[in-house]
Each structure stands twice: as structure tokens, then as C-alpha cells.
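*Asks:* Dropping the structure in here first, questions after.
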Amino acid sequence: MGDIVIAGAGIGGLTAAIALKRAGHRVRVLERATSIKPVGAGLTVQINAVRALESLGLADAVKRAGRELTVMDVRTADGELLQRADVREMTARFGGSQVAIHRAALHEVLLREAGDVVTLGAGVTGFREVGAVVEATCSDGSTVSGDVLVGADGIHSAVRAALHGESAPRYSGYTSWRGVCPDASRVSDGCEAWGRGRRFGYVPIAEGVYWFAVDDRPEGERDAGDVKATLRGMFAGWYGPIPSLIDATPAEAILRTDIHDRDPIANWGRGRVTLLGDAAHPMTPNLGQGACQAIEDGVVLARAVQKHGVTAEALRRYERAREAHTARVVLEARRFGVVGQASNPLLTSLRDFVVRVTPSSLAVKSLAWLYAPSLEV
């Protein structure tokens with residue numbers, strides 16, 4: 001058994017902590033935030049991540065905290081159905097389920113299971129290796145030592161910067177608005193609607209309806225004045241529930257976030273240090289896989305340590321098991337964003353035609369690489 005230090009108490013860091021703790025290791029999670037507050041809006045725990053959570057016995061708790069999806073549609077801005085994904089067909093093929101959930105609710109499930117391993121107000125700012133020990137330096141001035149250090153500290157990871165140097169993430173060219181409408185009766189299934197350079201999606205969650213809007217905008221731009229008025233103008237005339245979801249969401253609960261990712265890299269870690277989740281492979285949310293890939297990372301890391309001990313070799317085995325797969329997810333999510341954000345009228349017509357004529361069964365089959373990955377090392 002060994003001492004494992006994890007930088008970051010996000011979804012990936014907590015999943016790794018739970019899996020490693022269950023394997024009998026001493027785990028300490030260092031989190032820069034001084035308190036745990038409900039943050040974010042919603043996300044979808046997709047089939048691959050639910051299967052990973054099943055291996056930890058946490059899938060049922062996540063399902064209870066969220067809403068299992070049965071249908072996901074792709075539509076045009078005026079409501080024409082382009083493709084319908086029957087989630088039940090997907091789960092019959094790949095197992096698991098598809099769960100839409102508030103990010104804070106998922107985080108609470110993981111925090112409760114992780115127990116008292118989290119130290120707040122102690123974000124990792126750097127590290128040094130001394131023989132067979134890694135010494136992490138924290139923002140509160142303290143140092144914490146362990147046999148290995150896992151950087152799960154997000155897209156602006158200090159651990160990644162110490163390993164690979166400082167660099168800015170890549171701006172995608174579009175920004176997003178996210179919110180939760182408290183009126184759950186407005187929708188029953190999930191949907192993403194495509195316009196020209198603009199998208200809107202929604203899924204039902206336990207707290208109401210999580211929705212997101214995406215538009216091509218300059219990096220760093222901020223809303224001036226009434227954000228709901230801005231969104232109403234952007235989505236005026238869009239079909240069905242979309243304008244009403246905006247209207248029924250409190251303005252102060254609407255979050256705006258520029259969308260970034262990073263180019264994939266090989267050799268995430270070095271020595272007794274590795275990366276996990278957004279610290280290793282930040283991706284655009286176009287495939288809904290950011291949190292899902294972090295969950296998979298946590299499970300695979302624990303399996304590598306279980307097989308190869310709390311060693312640098314275990315970290316390299318984990319990285320080799322994950323690097324190529326997550327790189328593909330990053331690049332596929334980026335490509336999907338280019339397609340979804342198309343604004344040229346001819347290209348959008350072609351895009352919609354291709355989606356319309358593609359059988360849903362073929363679309364489901366094409367997801368095998370994503371929904372049924374190997375979690376072995």
C-alpha cells in the first residue's frame with residue numbers, strides 16, 4: 001500500500017481517490033477552493049462513464065441523483081427532426097445507461113463516497129521529487145509528500161505546467177451559456193438543435209431542465225446588459241421549448257464560458273507524477289465527454305496501481321492505456337464542433353442532409369470506440 005497525493009477535488013480527482021482508497025491506499029486530495037459550493041449547471045454521464053462507475057458500485061447513486069435518458073434528438077432550428085437516438089438501443093448494445101445530472105449533484109455523490117480525504121484551501125502550486133518521494137507545494141504554504149502525485153487540477157493545471165511548461169489553452173472560436181430551468185415539465189427528452197453558427201441543447205435533470213447555448217463569439221467577450229434579452233434575440237423563432245427555457249431561467253443562474261481545449265500530448269507524466277482529466281486532455285464539450293473521460297481515467301489509474309504498485313511504472317502503464325484514446329476523443333469533439341458550428345448556408349444544408357439520411361443504427365454502431373473502451377491496463 002502507498003501514499004497517493006491528488007491535486008484537485010473535481011470529478012476525476014474524486015473518482016480516482018475513491019478507487020484508490022478502496023484498493024487500500026492512503027489518499028490525500030488537495031483542493032485550491034476554500035469551501036465546496038454547488039457550481040456549474042448540468043452534464044450527461046454517458047454510457048462509458050456509467051459503466052466505469054458501475055465498477056465502483058456508484059452507478060445507482062448517480063442514477064438516483066439524476067435522470068436516465070431514453071431519447072436524444074438532433075433537430076434544426078425550426079424543429080425538423082434530423083435524427084433520433086434511442087438510448088435504450090444504445091444501452092442494450094453497450095450496457096450502462098445515460099444519466100443527465102446537475103454537476104453539483106454528481107460532485108456531491110463523489111464527495112460523500114470519498115469521505116474525509118479532501119483538504120480545502122491547499123491547491124498544489126508545484127512539486128519536487130526527492131528520491132522515491134514526491135513533495136507537493138501548496139498555496140497555503142504547506143508541503144505534502146507521497147509516493148506519487150496525480151495532477152487532476154483542471155485545464156489550467158499547475159502540475160501540468162510544472163511538467164510541460166506554461167501554455168495557454170486553444171480557444172475554439174465559440175462561447176457557451178448554460179442554465180437550469182426549474183420547470184421540469186417543459187421537456188421530457190433530450191435534444192440538440194442546430195442553426196448557422198449557433199446551437200441550443202437541453203436535457204431533463206432532477207432539478208429541472210439543463211440547457212446550453214453556443215454561438216461564435218470573440219474570446220473574452222462578456223455580456224453587456226440583460227443576458228436573457230441577448231439570448232432571446234439569438235434564439236428568437238427557434239422551435240418549441242427553446243425560448244421558453246430561456247424565459248423561465250433566472251438570469252443570475254445563467255453562466256457564460258468560453259470553450260477551450262488543448263492539442264493532445266504524449267507522455268503526460270514523468271517519474272512519480274502523472275495527469276488526469278482536464279489537466280491531461282481538456283476537450284470541448286461537443287461529445288459530452290469531459291467528465292466521462294475523467295471518470296474513466298480515475299478507474300484505469302487505480303487498476304494500474306493495483307497491478308503494478310504505487311510506482312512510476314504504474315503511472316506509465318496508466319498513461320499508455322489512456323493517451324491514444326483520450327487524444328481521439330479530443331480531436332473528435334473538436335471536429336464535431338466544427339460541424340455543429342457551421343454557418344455557411346450550403347454547408348449547413350449538406351450537414352443537415354447527411355445527418356437526416358444516416359440510419360440511427362449506423363450512428364450507434366459508430367460509437368463503439370467511445371462507449372465500449374477497454375479500462376484494462
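Residues are referred to by chain and number: the chain letter is A, B, ... according to the order shown in the C-alpha cells, the number counts from 1 in that chain, and ligands are numbered separately from 1 in the order shown.
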Taking the chain letters and numbering used in this document, name the residues of region 69-198 of chain A that DSSP puts in alpha helix (DSSP H), as JSON, numbers by chain.

*Replies:* {"A": [87, 88, 89, 90, 91, 92, 93, 94, 103, 104, 105, 106, 107, 108, 109, 110, 111, 112, 113, 114, 158, 159, 160, 161, 162, 163, 164]}

*Asks:* Which residues come within 10 Å of Arg26 (chain A), counting only C-alpha atoms, excluding same-chain residues fewer than 4 positions away, as a ChimeraX atom specification?

*Replies:* /A:1-5,17,20-22,117,146

*Asks:* So, counting only C-alpha atoms, which residue among A:Gly96, A:Gly154, A:Gly233, A:Pro204 is closest to Ala294 (chain A)?

*Replies:*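 Closest candidate: A:Gly154.
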
*Asks:* So which one's closest to Thr70 (chain A), A:Gly115, A:Gly40, A:Pro182, A:Gly190? Using only C-alpha atoms, please.

*Replies:* A:Gly190

*Asks:* What separation in Å, quoted to one decimal, exists between CA of Thr125 (chain A) and CA of Thr257 (chain A)?

*Replies:*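 Value for the CA of Thr125 (chain A)-CA of Thr257 (chain A) distance: 24.2 Å.
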
*Asks:* Give me the residues of region 179-215 of chain A that have any atom at most 7 Å from an atom of region 238-251 of chain A; for each, the nearest atom pair and the distance in Å, rounded to one decimal. Use only C-alpha atoms, sort by chain and number, and format it as CSV.

*Replies:*
residue,atom,partner,partner_atom,distance
A:Gly179,CA,A:Thr249,CA,6.8
A:Val180,CA,A:Thr249,CA,6.3
A:Cys181,CA,A:Thr249,CA,4.6
A:Pro182,CA,A:Thr249,CA,6.9
A:Arg186,CA,A:Pro241,CA,6.6

*Asks:* Would you give me, as a ChimeraX atom specification, the residues in region 10-256 of chain A that DSSP reads as strand (DSSP E)?

*Replies:* /A:26-30,42-45,67-68,71-76,81-86,99-102,118-119,124-130,133-138,143-146,148-151,170-181,190-194,198-205,208-216,255-256

*Asks:* Here is a test: counting only C-alpha atoms, which residue of A:Leu149, A:Leu69, A:Val377, A:Val133 is nearest to Met90 (chain A)?

*Replies:*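 Between A:Leu149, A:Leu69, A:Val377, A:Val133, the residue approaching Met90 (chain A) most closely is A:Leu69.
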
*Asks:* For His281 (chain A), list every protein, DNA or RNA residue within 8 Å, evaluated using only C-alpha atoms, and leave out those in the same chain fewer than 2 positions away; present the list as a PyMOL selection string.

*Replies:* chain A and resi 261-265+276-279+283+326-327+330

*Asks:* Using only C-alpha atoms for the distances, tell me which of A:Cys191, A:Val144, A:Ala314, A:Val62 is nearest to Asp86 (chain A).

*Replies:*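 Ranking A:Cys191, A:Val144, A:Ala314, A:Val62 by distance to Asp86 (chain A), first place goes to A:Cys191.
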
*Asks:* Please indicate the distance in Å from CA of Arg256 (chain A) to CA of Ala229 (chain A), rounded to one decimal place.

*Replies:* 14.2 Å

*Asks:* What does the distance between CA of Ser176 (chain A) and CA of Asp216 (chain A) come to in Å, to one decimal place?

*Replies:*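 Answer for the CA of Ser176 (chain A) to CA of Asp216 (chain A) separation: 8.9 Å.
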
*Asks:* Counting only C-alpha atoms, what is within 7 Å of Phe212 (chain A), bar same-chain residues fewer than 4 positions away, as a PyMOL selection string?

*Replies:* chain A and resi 176-179+200-202

*Asks:* Please produce a file of those selected residues containing N, CA, C and O atoms, as a PDB file, in the first residue's frame.

*Replies:*
ATOM      1  N   SER A 176     -20.217  29.636 -24.696  1.00  0.00           N
ATOM      2  CA  SER A 176     -21.442  28.938 -24.299  1.00  0.00           C
ATOM      3  C   SER A 176     -22.118  29.660 -23.145  1.00  0.00           C
ATOM      4  O   SER A 176     -21.474  30.333 -22.338  1.00  0.00           O
ATOM      5  N   TRP A 177     -23.418  29.519 -23.108  1.00  0.00           N
ATOM      6  CA  TRP A 177     -24.229  29.938 -21.962  1.00  0.00           C
ATOM      7  C   TRP A 177     -24.916  28.680 -21.435  1.00  0.00           C
ATOM      8  O   TRP A 177     -25.386  27.844 -22.208  1.00  0.00           O
ATOM      9  N   ARG A 178     -24.968  28.540 -20.119  1.00  0.00           N
ATOM     10  CA  ARG A 178     -25.574  27.350 -19.518  1.00  0.00           C
ATOM     11  C   ARG A 178     -26.506  27.768 -18.384  1.00  0.00           C
ATOM     12  O   ARG A 178     -26.223  28.731 -17.660  1.00  0.00           O
ATOM     13  N   GLY A 179     -27.586  27.037 -18.244  1.00  0.00           N
ATOM     14  CA  GLY A 179     -28.514  27.338 -17.171  1.00  0.00           C
ATOM     15  C   GLY A 179     -29.367  26.139 -16.823  1.00  0.00           C
ATOM     16  O   GLY A 179     -29.374  25.124 -17.533  1.00  0.00           O
ATOM     17  N   PHE A 200     -28.351  25.001 -29.671  1.00  0.00           N
ATOM     18  CA  PHE A 200     -29.025  25.006 -28.375  1.00  0.00           C
ATOM     19  C   PHE A 200     -29.377  23.566 -28.024  1.00  0.00           C
ATOM     20  O   PHE A 200     -29.904  22.831 -28.861  1.00  0.00           O
ATOM     21  N   GLY A 201     -29.068  23.145 -26.798  1.00  0.00           N
ATOM     22  CA  GLY A 201     -29.376  21.788 -26.368  1.00  0.00           C
ATOM     23  C   GLY A 201     -29.981  21.783 -24.984  1.00  0.00           C
ATOM     24  O   GLY A 201     -29.822  22.737 -24.213  1.00  0.00           O
ATOM     25  N   TYR A 202     -30.687  20.706 -24.678  1.00  0.00           N
ATOM     26  CA  TYR A 202     -31.285  20.588 -23.349  1.00  0.00           C
ATOM     27  C   TYR A 202     -31.517  19.125 -22.983  1.00  0.00           C
ATOM     28  O   TYR A 202     -31.667  18.258 -23.858  1.00  0.00           O
TER      29      TYR A 202
END
